[in-house]
>>> print(open('protein_25.txt').read())   # compact mmCIF, C-alpha atoms
# COMPACT_ATOMS: atom_id res chain seq x y z
CA MET A 654 -193.66 81.68 -57.32
CA TYR A 655 -190.51 83.49 -56.27
CA LEU A 656 -190.54 86.97 -54.75
CA VAL A 657 -187.93 89.66 -54.38
CA ILE A 658 -189.11 92.54 -52.20
CA VAL A 659 -187.21 95.81 -52.01
CA TYR A 660 -188.37 98.61 -49.75
CA ASP A 661 -187.56 102.17 -48.76
CA ILE A 662 -189.52 103.13 -45.67
CA ASN A 663 -189.48 105.88 -43.07
CA VAL A 664 -187.55 104.98 -39.89
CA ASP A 665 -190.74 105.09 -37.80
CA ARG A 666 -192.26 102.13 -39.59
CA VAL A 667 -189.33 100.26 -41.09
CA ASN A 668 -189.03 97.85 -38.18
CA LYS A 669 -192.65 96.79 -38.46
CA VAL A 670 -192.23 95.93 -42.13
CA HIS A 671 -188.96 94.12 -41.47
CA LYS A 672 -190.48 92.05 -38.67
CA PHE A 673 -193.51 91.15 -40.73
CA LEU A 674 -191.54 90.05 -43.80
CA LYS A 675 -189.20 87.94 -41.66
CA ALA A 676 -191.98 85.44 -41.03
CA TYR A 677 -192.47 84.76 -44.74
CA LEU A 678 -189.23 85.41 -46.61
CA HIS A 679 -185.48 85.20 -46.20
CA TRP A 680 -183.67 88.40 -45.33
CA GLN A 681 -180.93 89.03 -47.87
CA GLN A 682 -179.52 92.52 -47.34
CA ASN A 683 -180.67 95.74 -45.73
CA SER A 684 -184.23 96.23 -47.01
CA VAL A 685 -184.15 93.25 -49.36
CA PHE A 686 -186.08 90.03 -48.85
CA GLU A 687 -186.59 87.05 -51.12
CA GLY A 688 -188.05 83.56 -51.12
CA LYS A 689 -190.59 81.08 -52.42
CA VAL A 690 -194.26 81.68 -51.58
CA THR A 691 -197.65 80.32 -52.54
CA LYS A 692 -200.34 82.35 -54.24
CA SER A 693 -202.31 82.83 -51.04
CA GLN A 694 -199.21 83.87 -49.12
CA TYR A 695 -198.47 86.39 -51.86
CA ASN A 696 -201.90 87.96 -51.42
CA GLU A 697 -201.49 87.94 -47.64
CA ILE A 698 -198.15 89.73 -47.90
CA ILE A 699 -199.45 92.42 -50.21
CA ASP A 700 -202.55 92.98 -48.12
CA LYS A 701 -200.64 93.28 -44.85
CA LEU A 702 -197.89 95.50 -46.29
CA ASP A 703 -200.49 97.83 -47.69
CA ASN A 704 -201.83 98.36 -44.16
CA LEU A 705 -198.42 98.85 -42.59
CA ILE A 706 -197.09 101.63 -44.80
CA ASP A 707 -197.90 105.27 -45.32
CA GLU A 708 -198.63 105.66 -49.00
CA ASP A 709 -197.33 109.24 -49.20
CA GLU A 710 -193.88 108.51 -47.80
CA ASP A 711 -192.95 104.87 -48.31
CA SER A 712 -192.17 102.73 -51.29
CA ILE A 713 -192.11 98.96 -51.75
CA ILE A 714 -191.24 97.15 -54.97
CA ILE A 715 -192.19 93.49 -55.41
CA TYR A 716 -190.69 91.36 -58.17
CA LYS A 717 -192.54 88.14 -58.87
CA PHE A 718 -191.52 85.32 -61.20
CA PRO A 719 -191.60 81.53 -61.49
CA TYR A 720 -188.93 79.80 -59.42
CA LYS A 721 -187.43 78.03 -62.44
CA TYR A 722 -186.30 81.36 -63.91
CA LEU A 723 -184.31 82.27 -60.83
CA ASP A 724 -180.70 82.88 -61.79
CA LYS A 725 -178.91 84.23 -58.76
CA LYS A 726 -175.32 85.30 -58.51
CA VAL A 727 -173.65 86.78 -55.46
CA LEU A 728 -170.43 88.80 -55.54
CA GLY A 729 -168.54 89.39 -52.33
CA ILE A 730 -170.05 88.13 -49.08
CA GLU A 731 -173.25 86.16 -49.11
CA LYS A 732 -174.82 87.56 -45.96
CA ASN A 733 -177.59 85.06 -45.53
CA PRO A 734 -177.51 81.91 -47.67
CA ILE A 735 -180.91 80.21 -47.97
CA LEU A 736 -180.59 76.77 -46.44
CA PHE A 737 -183.04 74.14 -45.36
CA ILE A 738 -180.37 71.84 -43.98
CA LEU A 739 -178.73 73.35 -40.94
CA MET B 504 -193.73 75.77 -51.89
CA LYS B 505 -193.07 74.99 -48.25
CA ASN B 506 -189.86 73.13 -47.53
CA PRO B 507 -189.07 70.78 -44.67
CA LEU B 508 -186.26 71.94 -42.42
CA TYR B 509 -183.52 69.48 -41.49
CA ILE B 510 -181.32 70.27 -38.51
CA THR B 511 -178.12 68.22 -38.35
CA SER B 512 -176.16 70.45 -35.97
CA HIS B 513 -176.68 71.07 -32.25
CA GLY B 514 -178.54 74.18 -31.12
CA ILE B 515 -181.58 75.91 -29.71
CA LEU B 516 -184.84 76.78 -31.46
CA SER B 517 -186.58 79.84 -30.09
CA ARG B 518 -189.29 82.25 -31.06
CA LYS B 519 -188.65 85.90 -31.71
CA ASP B 520 -190.66 88.49 -33.65
CA ASN B 521 -193.29 85.95 -34.66
CA THR B 522 -190.78 83.75 -36.40
CA LEU B 523 -188.23 81.07 -35.57
CA TYR B 524 -184.59 81.46 -34.64
CA PHE B 525 -182.01 78.73 -34.67
CA ILE B 526 -179.05 79.52 -32.44
CA ASN B 527 -175.91 77.39 -32.37
CA GLU B 528 -172.31 77.91 -31.34
CA THR B 529 -171.26 79.70 -34.48
CA ASP B 530 -174.25 81.76 -35.58
CA LYS B 531 -177.85 82.76 -35.29
CA LYS B 532 -180.21 82.03 -38.14
CA GLN B 533 -183.69 83.27 -38.86
CA ILE B 534 -186.13 80.79 -40.32
CA PRO B 535 -189.32 82.14 -41.89
CA ILE B 536 -192.09 80.20 -40.16
CA HIS B 537 -194.39 80.28 -43.18
CA ALA B 538 -191.74 78.76 -45.44
CA ILE B 539 -191.38 75.45 -43.57
CA SER B 540 -193.69 72.47 -43.59
CA GLU B 541 -192.06 70.29 -40.93
CA ILE B 542 -188.87 70.08 -38.90
CA ASN B 543 -186.61 67.04 -38.68
CA CYS B 544 -184.03 67.14 -35.90
CA PHE B 545 -180.97 64.91 -36.26
CA GLY B 546 -178.70 66.89 -33.97
CA LYS B 547 -179.26 67.73 -30.33
CA VAL B 548 -181.93 70.38 -30.59
CA SER B 549 -183.55 72.18 -27.66
CA LEU B 550 -186.93 73.77 -28.13
CA LYS B 551 -187.84 76.72 -25.96
CA SER B 552 -191.45 76.69 -24.80
CA GLY B 553 -192.18 79.78 -26.90
CA ALA B 554 -191.00 78.01 -30.01
CA SER B 555 -192.86 74.78 -29.28
CA THR B 556 -196.23 76.45 -28.63
CA PHE B 557 -195.72 78.56 -31.73
CA LEU B 558 -194.98 75.48 -33.85
CA MET B 559 -198.04 73.72 -32.44
CA LYS B 560 -200.18 76.71 -33.29
CA GLU B 561 -198.88 76.81 -36.84
CA GLY B 562 -199.45 73.05 -37.21
CA ILE B 563 -195.84 72.12 -37.90
CA VAL B 564 -194.82 68.57 -36.98
CA VAL B 565 -191.39 68.25 -35.34
CA ASN B 566 -189.71 64.85 -35.70
CA PHE B 567 -186.81 63.73 -33.56
CA PHE B 568 -184.15 61.18 -34.50
CA ASN B 569 -181.47 59.73 -32.26
CA LYS B 570 -177.78 59.89 -33.04
CA TYR B 571 -178.02 56.69 -35.10
CA GLY B 572 -180.62 58.27 -37.37
CA PHE B 573 -183.54 56.20 -36.05
CA TYR B 574 -186.91 57.79 -35.53
CA GLU B 575 -187.56 58.49 -31.85
CA GLY B 576 -190.80 60.44 -31.78
CA SER B 577 -192.68 63.53 -32.83
CA LEU B 578 -194.09 66.70 -31.41
CA TYR B 579 -197.50 66.33 -33.00
CA PRO B 580 -199.76 69.42 -32.94
CA LYS B 581 -203.36 69.09 -31.91
CA ILE B 582 -205.32 67.62 -34.77
CA LYS B 583 -206.42 70.42 -37.04
CA LEU B 584 -208.48 68.39 -39.47
CA ASN B 585 -210.91 66.55 -37.27
CA SER B 586 -213.62 64.35 -38.64
CA GLY B 587 -215.34 61.79 -36.46
CA LEU B 588 -217.06 60.31 -39.48
CA VAL B 589 -213.80 59.42 -41.22
CA VAL B 590 -212.29 57.91 -38.06
CA VAL B 591 -215.40 55.79 -37.47
CA ARG B 592 -215.42 54.56 -41.05
CA GLN B 593 -211.68 53.95 -40.94
CA SER B 594 -212.09 51.78 -37.86
CA GLU B 595 -215.04 49.98 -39.44
CA HIS B 596 -212.81 49.02 -42.38
CA TYR B 597 -210.25 47.72 -39.91
CA LEU B 598 -212.71 45.65 -37.87
CA ASP B 599 -214.44 44.02 -40.84
CA VAL B 600 -212.04 41.26 -41.94
CA LYS B 601 -213.13 41.31 -45.60
CA LYS B 602 -212.83 45.07 -45.90
CA ARG B 603 -209.46 45.09 -44.17
CA GLN B 604 -208.15 42.36 -46.45
CA TYR B 605 -209.20 44.32 -49.52
CA ILE B 606 -207.19 47.36 -48.46
CA ALA B 607 -204.19 45.31 -47.29
CA LYS B 608 -204.19 43.46 -50.59
CA GLU B 609 -204.19 46.73 -52.50
CA PHE B 610 -201.20 47.90 -50.46
CA VAL B 611 -199.20 44.76 -51.23
CA GLU B 612 -200.18 44.91 -54.90
CA GLY B 613 -198.85 48.46 -54.96
CA ILE B 614 -195.57 47.45 -53.36
CA LYS B 615 -195.15 44.57 -55.81
CA HIS B 616 -195.92 46.74 -58.83
CA ASN B 617 -193.58 49.55 -57.81
CA ILE B 618 -190.71 47.18 -57.03
CA LEU B 619 -191.13 45.47 -60.38
CA LYS B 620 -191.16 48.82 -62.19
CA THR B 621 -187.96 49.87 -60.45
CA MET B 622 -186.27 46.56 -61.26
CA LYS B 623 -187.39 46.62 -64.89
CA TYR B 624 -185.91 50.08 -65.27
CA TYR B 625 -182.51 48.71 -64.27
CA SER B 626 -182.94 45.55 -66.28
CA LYS B 627 -183.48 47.72 -69.37
CA LYS B 628 -180.17 49.37 -68.56
CA GLY B 629 -178.44 46.02 -68.97
CA LYS B 630 -178.46 44.62 -65.42
CA ASN B 631 -179.28 40.93 -65.26
CA LEU B 632 -182.31 40.82 -62.97
CA ASP B 633 -184.53 38.31 -64.80
CA GLU B 634 -184.34 35.69 -62.05
CA TYR B 635 -185.49 38.08 -59.32
CA ILE B 636 -188.21 39.64 -61.49
CA GLU B 637 -189.58 36.18 -62.22
CA ASN B 638 -189.55 35.29 -58.54
CA ILE B 639 -191.53 38.39 -57.64
CA GLU B 640 -193.98 38.00 -60.49
CA LYS B 641 -194.75 34.47 -59.31
CA GLU B 642 -195.89 35.75 -55.91
CA ASN B 643 -199.64 35.46 -55.57
CA ILE B 644 -201.12 37.83 -53.05
CA ASP B 645 -204.02 36.16 -51.30
CA GLY B 646 -205.26 34.81 -48.01
CA ASP B 647 -205.39 36.46 -44.62
CA ILE B 648 -203.29 39.30 -43.29
CA ALA B 649 -200.50 37.05 -41.98
CA GLN B 650 -200.14 35.37 -45.36
CA MET B 651 -200.03 38.72 -47.10
CA MET B 652 -197.37 39.94 -44.69
CA SER B 653 -195.18 36.94 -45.39
CA CYS B 654 -195.78 37.42 -49.10
CA GLU B 655 -194.66 41.03 -48.76
CA GLY B 656 -191.60 39.82 -46.89
CA ARG B 657 -190.66 37.47 -49.73
CA ILE B 658 -191.07 40.27 -52.28
CA TRP B 659 -188.76 42.58 -50.31
CA ASN B 660 -186.27 39.76 -49.83
CA ASN B 661 -186.02 39.18 -53.56
CA PHE B 662 -185.69 42.89 -54.17
CA TYR B 663 -182.92 43.26 -51.60
CA GLN B 664 -181.04 40.30 -53.07
CA SER B 665 -181.04 42.04 -56.43
CA PHE B 666 -179.18 45.03 -54.92
CA ASN B 667 -175.86 43.27 -55.49
CA VAL B 668 -176.53 43.31 -59.23
CA ILE B 669 -177.78 46.91 -59.38
CA LEU B 670 -175.17 48.52 -57.14
CA ARG B 671 -171.65 49.18 -58.39
CA LYS B 672 -170.00 49.06 -54.95
CA PHE B 673 -170.76 48.19 -51.30
CA PRO B 674 -171.68 44.48 -51.14
CA PHE B 675 -175.08 43.79 -49.57
CA ASN B 676 -176.17 40.43 -48.29
CA LYS B 677 -178.95 40.61 -45.80
CA ARG B 678 -181.17 43.25 -44.28
CA GLU B 679 -180.00 43.80 -40.70
CA ILE B 680 -181.74 46.50 -38.75
CA ARG B 681 -180.39 46.63 -35.22
CA PRO B 682 -177.70 47.73 -35.79
CA PRO B 683 -177.16 48.10 -39.57
CA ILE B 684 -174.10 46.01 -40.31
CA ASP B 685 -172.94 47.47 -43.61
CA GLU B 686 -173.21 50.64 -45.70
CA ILE B 687 -176.33 49.74 -47.64
CA ASN B 688 -178.16 48.62 -44.51
CA SER B 689 -177.45 51.92 -42.83
CA LEU B 690 -178.58 53.86 -45.93
CA LEU B 691 -181.80 51.85 -46.04
CA SER B 692 -182.50 52.42 -42.35
CA PHE B 693 -181.85 56.13 -42.60
CA GLY B 694 -183.91 56.55 -45.76
CA ASN B 695 -186.81 54.54 -44.39
CA SER B 696 -187.03 56.63 -41.24
CA LEU B 697 -186.94 59.80 -43.35
CA LEU B 698 -189.76 58.55 -45.55
CA TYR B 699 -191.73 57.43 -42.52
CA THR B 700 -191.75 60.97 -41.12
CA THR B 701 -192.53 62.51 -44.50
CA VAL B 702 -195.60 60.29 -44.71
CA LEU B 703 -196.58 61.20 -41.16
CA SER B 704 -196.45 64.91 -41.96
CA GLU B 705 -198.51 64.38 -45.10
CA LEU B 706 -201.08 62.34 -43.15
CA TYR B 707 -201.40 65.27 -40.76
CA GLN B 708 -202.87 67.21 -43.70
CA THR B 709 -205.67 64.69 -44.19
CA TYR B 710 -208.60 63.52 -42.06
CA LEU B 711 -207.13 60.05 -41.57
CA HIS B 712 -206.15 58.82 -38.14
CA PRO B 713 -202.46 57.88 -38.29
CA SER B 714 -202.64 54.91 -35.91
CA VAL B 715 -205.46 52.88 -37.49
CA SER B 716 -203.68 50.79 -40.09
CA PHE B 717 -204.57 47.85 -42.28
CA LEU B 718 -201.53 45.84 -43.31
CA HIS B 719 -199.52 46.38 -40.15
CA GLU B 720 -201.23 45.80 -36.82
CA PRO B 721 -202.40 49.07 -35.22
CA SER B 722 -201.14 47.86 -31.86
CA GLU B 723 -197.59 48.70 -32.81
CA ARG B 724 -195.96 51.53 -30.94
CA ARG B 725 -195.74 53.84 -33.88
CA PHE B 726 -198.24 55.60 -36.13
CA SER B 727 -198.72 52.44 -38.13
CA LEU B 728 -200.77 53.87 -41.01
CA SER B 729 -197.64 55.70 -42.09
CA LEU B 730 -195.80 52.37 -42.10
CA ASP B 731 -198.44 51.07 -44.53
CA PHE B 732 -198.11 54.06 -46.81
CA ALA B 733 -194.33 54.32 -46.57
CA ASP B 734 -193.93 50.77 -47.91
CA ILE B 735 -195.67 51.67 -51.17
CA PHE B 736 -193.34 54.57 -51.81
CA LYS B 737 -190.07 53.05 -50.60
CA PRO B 738 -188.93 51.56 -53.93
CA ILE B 739 -189.54 54.79 -55.81
CA ILE B 740 -188.22 57.32 -53.34
CA VAL B 741 -185.74 55.72 -50.91
CA ASP B 742 -184.27 52.91 -52.98
CA ARG B 743 -183.91 54.99 -56.14
CA THR B 744 -182.12 57.68 -54.12
CA ILE B 745 -179.72 55.07 -52.75
CA PHE B 746 -179.01 53.64 -56.22
CA LYS B 747 -178.23 57.11 -57.51
CA LEU B 748 -175.97 58.05 -54.59
CA VAL B 749 -173.99 54.81 -54.74
CA ASN B 750 -173.75 54.34 -58.48
CA ASN B 751 -172.71 57.93 -59.14
CA ASN B 752 -170.02 57.70 -56.46
CA MET B 753 -171.57 60.47 -54.41
CA LEU B 754 -171.03 58.47 -51.23
CA SER B 755 -167.81 56.75 -50.23
CA LYS B 756 -166.37 55.00 -47.19
CA LYS B 757 -165.40 58.31 -45.61
CA HIS B 758 -169.06 59.24 -45.22
CA PHE B 759 -169.64 56.43 -42.73
CA THR B 760 -168.54 55.80 -39.19
CA TYR B 761 -167.87 52.24 -38.15
CA ASP B 762 -168.69 51.91 -34.51
CA VAL B 763 -171.42 49.58 -33.35
CA GLY B 764 -172.47 48.56 -36.83
CA CYS B 765 -172.18 51.11 -39.60
CA LEU B 766 -173.71 54.59 -39.65
CA LEU B 767 -173.77 57.72 -41.78
CA ASN B 768 -171.81 60.65 -40.39
CA ASP B 769 -172.96 64.28 -40.53
CA LYS B 770 -171.57 64.99 -44.00
CA GLY B 771 -173.07 61.77 -45.32
CA LYS B 772 -176.44 62.62 -43.80
CA GLN B 773 -176.44 66.01 -45.50
CA ILE B 774 -175.67 64.50 -48.89
CA PHE B 775 -178.39 61.91 -48.43
CA ILE B 776 -180.98 64.44 -47.27
CA SER B 777 -180.40 66.89 -50.10
CA GLU B 778 -180.69 64.11 -52.68
CA TYR B 779 -183.80 62.72 -50.96
CA GLN B 780 -185.34 66.19 -50.92
CA LYS B 781 -184.69 66.57 -54.66
CA LYS B 782 -186.41 63.25 -55.25
CA LEU B 783 -189.49 64.35 -53.29
CA GLU B 784 -189.74 67.52 -55.35
CA THR B 785 -189.54 65.72 -58.69
CA THR B 786 -192.78 66.28 -60.55
CA ILE B 787 -194.69 64.04 -62.93
CA MET B 788 -197.81 64.58 -64.98
CA HIS B 789 -200.82 63.14 -63.19
CA GLN B 790 -203.25 61.46 -65.59
CA THR B 791 -206.56 62.06 -63.84
CA LEU B 792 -205.77 65.38 -62.20
CA ASN B 793 -204.23 66.57 -65.44
CA LYS B 794 -201.53 68.62 -63.80
CA LYS B 795 -198.00 68.23 -62.57
CA VAL B 796 -197.65 66.82 -59.06
CA SER B 797 -194.57 66.13 -56.94
CA TYR B 798 -193.77 62.73 -55.43
CA LYS B 799 -194.47 64.23 -52.04
CA TYR B 800 -197.97 65.26 -53.05
CA LEU B 801 -198.61 61.75 -54.38
CA ILE B 802 -198.39 60.56 -50.76
CA ARG B 803 -201.14 62.93 -49.70
CA LEU B 804 -203.26 61.94 -52.71
CA GLU B 805 -202.97 58.36 -51.47
CA GLY B 806 -204.57 59.52 -48.22
CA TYR B 807 -207.37 61.31 -50.07
CA LYS B 808 -208.04 58.16 -52.10
CA LEU B 809 -208.37 56.12 -48.93
CA ILE B 810 -210.86 58.64 -47.46
CA LYS B 811 -212.92 58.42 -50.64
CA HIS B 812 -212.92 54.65 -50.26
CA PHE B 813 -214.15 54.89 -46.65
CA LEU B 814 -216.94 57.25 -47.62
CA LYS B 815 -217.97 54.89 -50.45
CA ASP B 816 -217.24 57.53 -53.04
CA LYS B 817 -214.67 55.70 -55.11
CA GLN B 818 -213.06 52.32 -54.63
CA TYR B 819 -209.47 52.47 -53.45
CA GLU B 820 -206.69 51.49 -55.80
CA SER B 821 -203.19 51.76 -54.46
CA PHE B 822 -200.60 53.93 -56.14
CA LYS B 823 -198.93 52.20 -59.06
CA MET B 824 -196.20 53.87 -61.06
CA TRP B 825 -197.50 54.57 -64.53
CA TRP B 826 -194.40 56.03 -66.15
>>> encode(input="protein_25.txt", output="structure tokens")
Amino acid sequence: MYLVIVYDINVDRVNKVHKFLKAYLHWQQNSVFEGKVTKSQYNEIIDKLDNLIDEDEDSIIIYKFPYKYLDKKVLGIEKNPILFIL
Amino acid sequence: MKNPLYITSHGILSRKDNTLYFINETDKKQIPIHAISEINCFGKVSLKSGASTFLMKEGIVVNFFNKYGFYEGSLYPKIKLNSGLVVVRQSEHYLDVKKRQYIAKEFVEGIKHNILKTMKYYSKKGKNLDEYIENIEKENIDGDIAQMMSCEGRIWNNFYQSFNVILRKFPFNKREIRPPIDEINSLLSFGNSLLYTTVLSELYQTYLHPSVSFLHEPSERRFSLSLDFADIFKPIIVDRTIFKLVNNNMLSKKHFTYDVGCLLNDKGKQIFISEYQKKLETTIMHQTLNKKVSYKYLIRLEGYKLIKHFLKDKQYESFKMWW
């Protein structure tokens, strides 16, 4: 499955969330991550994020869909193209 | 879901914030550790100790190739799936001549079947391959290991001779390995070493011991079980990729360097790898599992089938293309 994660988090905790997501997904823009994950990784991510945030102040939105429906278009600069051949 | 990572440029791999960083002259790139299955290094890559211990802990195999694209060696993590029982049974099947011959015969049968399928596909497209197909069909696989090996050699020879009919450009006469003398030889060498490492990484996910092999002698320097497995999948994965790249004009003379022999340059390598990767991710409907599986997963299934054979659960039948 393909995930797009968008978050709005208090400065105190934002770095923790950013660091955690970096290990699973590709950073796209400020507070936006995306990438392919497995079902178990998806559950892991949700579980861990739930522990990291303060439910009264922070907000995270997760979009999930099959990879074949991904239709991505970038205008302007592509900050971080997803590559597996470097 | 996990993708292999191919590094064709020069740089340093290091660990930061529980994930990987690749630093080269021009930029710094983050690589999500949980999104990669293995790393193949074609450029000059330095691993910092932090990165290497981290990769070992995560169970990611790192393969190194020299500048000619030949496999040099691997950073192989400590074995995660350990089973003494399977290793003992695997060795038992090697030591018992009858049992070893059965498995070796299955391997060669698989190679023969897959080559014939590939050739018949092109013969349906109007290429005149009848002579070679007949030659291969005549081959009778029997006898001891040495006889089977020579039989396998004859099958490959016939298949390679038919390349001149299938391919639209780049004449190909004879398989020359050290060094590859023409374009097709270099493509074959590069593709075979890629497949070899793919098989090795898949074997890491099973209980099998990668150096106890059946068709090839286990005394060879490399993990010889992956040589056995790679041969079965070569016609479907490597050779089909080459046919596509050459016949669709995706590769031309400018993608090679002619130095000592003939080799792919960086651009050529990238084109080859991306096409090879697409091939591995192609899915087909599996009859017994009743779900879609990728070509890459078929390699691992082959390992599972062999384990079942060792444990006397189900007799081993090598992979034969059914589509």
>>> interface_residues(input="protein_25.txt", of="chain A", to="chain B", cutoff="6 Å", atoms="all atoms listed in the file", output="number ranges by chain")
A: 675-678, 690, 737-739
>>> atom_distance(input="protein_25.txt", atom1="atom CA of B:Val749", atom2="atom CA of B:Lys672")
7.0 Å
>>> residues_around(input="protein_25.txt", residues="B:Thr786", least_positions_apart="5", cutoff="9 Å", atoms="all atoms listed in the file", output="ChimeraX atom specification")
/B:795-799
>>> residues_around(input="protein_25.txt", residues="stretch 738-740 of chain B", least_positions_apart="5", cutoff="7 Å", atoms="only C-alpha atoms", output="MDAnalysis selection string")
chainID B and resid 617:618 621 782
>>> closest_residue(input="protein_25.txt", among="B:Ile669, B:Ile648, B:Leu706, B:Leu697", to="B:Lys772", atoms="only C-alpha atoms")
B:Leu697
>>> atom_distance(input="protein_25.txt", atom1="atom CA of B:Leu588", atom2="atom CA of B:Ser729")
20.1 Å
>>> atom_distance(input="protein_25.txt", atom1="atom CA of B:Leu804", atom2="atom CA of A:Gly688")
26.5 Å
>>> residues_near_point(input="protein_25.txt", point="(-209.1, 61.2, -54.4)", cutoff="12 Å", atoms="only C-alpha atoms", output="number ranges by chain")
B: 709, 791-792, 800-822
>>> closest_residue(input="protein_25.txt", among="B:Ile774, B:Val548, B:Leu698, B:Leu703", to="B:Ile735", atoms="only C-alpha atoms")
B:Leu698
>>> closest_residue(input="protein_25.txt", among="B:Val591, B:Ile680, B:Met622, B:Met824", to="B:His789", atoms="all atoms listed in the file")
B:Met824
>>> axis_aligned_box(input="protein_25.txt", around="stretch 743-759 of chain B", padding_each_side="4 Å", output="AutoDock Vina command-line options")
--center_x -174.7 --center_y 57.1 --center_z -50.9 --size_x 26.5 --size_y 14.8 --size_z 24.4
>>> decode(input="protein_25.txt", residues="stretch 505-519 of chain B", atoms="N, CA, C and O atoms", output="JSON list (two decimals), in the first residue's frame")
[["chain", "number", "residue", "atom", "x", "y", "z"],
["B", 505, "LYS", "N", 9.40, -3.89, -0.17],
["B", 505, "LYS", "CA", 10.77, -3.37, -0.02],
["B", 505, "LYS", "C", 11.50, -3.44, -1.34],
["B", 505, "LYS", "O", 11.37, -4.41, -2.07],
["B", 506, "ASN", "N", 12.30, -2.42, -1.60],
["B", 506, "ASN", "CA", 13.03, -2.34, -2.86],
["B", 506, "ASN", "C", 14.51, -2.52, -2.62],
["B", 506, "ASN", "O", 15.02, -2.04, -1.62],
["B", 507, "PRO", "N", 15.23, -3.18, -3.53],
["B", 507, "PRO", "CA", 16.69, -3.15, -3.40],
["B", 507, "PRO", "C", 17.22, -1.78, -3.78],
["B", 507, "PRO", "O", 16.60, -1.08, -4.59],
["B", 508, "LEU", "N", 18.35, -1.42, -3.19],
["B", 508, "LEU", "CA", 18.96, -0.13, -3.49],
["B", 508, "LEU", "C", 20.21, -0.37, -4.32],
["B", 508, "LEU", "O", 21.02, -1.23, -3.97],
["B", 509, "TYR", "N", 20.33, 0.31, -5.44],
["B", 509, "TYR", "CA", 21.51, 0.17, -6.29],
["B", 509, "TYR", "C", 22.31, 1.45, -6.22],
["B", 509, "TYR", "O", 21.75, 2.52, -6.45],
["B", 510, "ILE", "N", 23.59, 1.37, -5.91],
["B", 510, "ILE", "CA", 24.41, 2.57, -5.84],
["B", 510, "ILE", "C", 25.44, 2.51, -6.96],
["B", 510, "ILE", "O", 26.32, 1.65, -6.96],
["B", 511, "THR", "N", 25.29, 3.41, -7.95],
["B", 511, "THR", "CA", 26.25, 3.41, -9.07],
["B", 511, "THR", "C", 27.26, 4.54, -8.96],
["B", 511, "THR", "O", 28.22, 4.57, -9.70],
["B", 512, "SER", "N", 27.01, 5.48, -8.03],
["B", 512, "SER", "CA", 27.97, 6.59, -7.90],
["B", 512, "SER", "C", 28.90, 6.34, -6.70],
["B", 512, "SER", "O", 28.72, 5.39, -5.96],
["B", 513, "HIS", "N", 29.89, 7.20, -6.53],
["B", 513, "HIS", "CA", 30.83, 7.03, -5.42],
["B", 513, "HIS", "C", 30.32, 7.81, -4.21],
["B", 513, "HIS", "O", 29.79, 8.91, -4.35],
["B", 514, "GLY", "N", 30.51, 7.28, -3.02],
["B", 514, "GLY", "CA", 30.06, 8.02, -1.84],
["B", 514, "GLY", "C", 30.21, 7.25, -0.55],
["B", 514, "GLY", "O", 30.84, 6.20, -0.50],
["B", 515, "ILE", "N", 29.62, 7.80, 0.50],
["B", 515, "ILE", "CA", 29.76, 7.22, 1.84],
["B", 515, "ILE", "C", 28.38, 6.90, 2.39],
["B", 515, "ILE", "O", 27.46, 7.70, 2.29],
["B", 516, "LEU", "N", 28.24, 5.73, 2.97],
["B", 516, "LEU", "CA", 26.99, 5.37, 3.65],
["B", 516, "LEU", "C", 27.21, 5.53, 5.14],
["B", 516, "LEU", "O", 28.16, 4.99, 5.70],
["B", 517, "SER", "N", 26.33, 6.28, 5.79],
["B", 517, "SER", "CA", 26.48, 6.42, 7.24],
["B", 517, "SER", "C", 25.12, 6.34, 7.90],
["B", 517, "SER", "O", 24.09, 6.37, 7.25],
["B", 518, "ARG", "N", 25.17, 6.22, 9.22],
["B", 518, "ARG", "CA", 23.93, 6.10, 9.97],
["B", 518, "ARG", "C", 23.67, 7.40, 10.70],
["B", 518, "ARG", "O", 24.58, 7.97, 11.30],
["B", 519, "LYS", "N", 22.43, 7.88, 10.62],
["B", 519, "LYS", "CA", 22.07, 9.05, 11.39],
["B", 519, "LYS", "C", 20.58, 8.97, 11.70],
["B", 519, "LYS", "O", 19.79, 8.60, 10.83]]
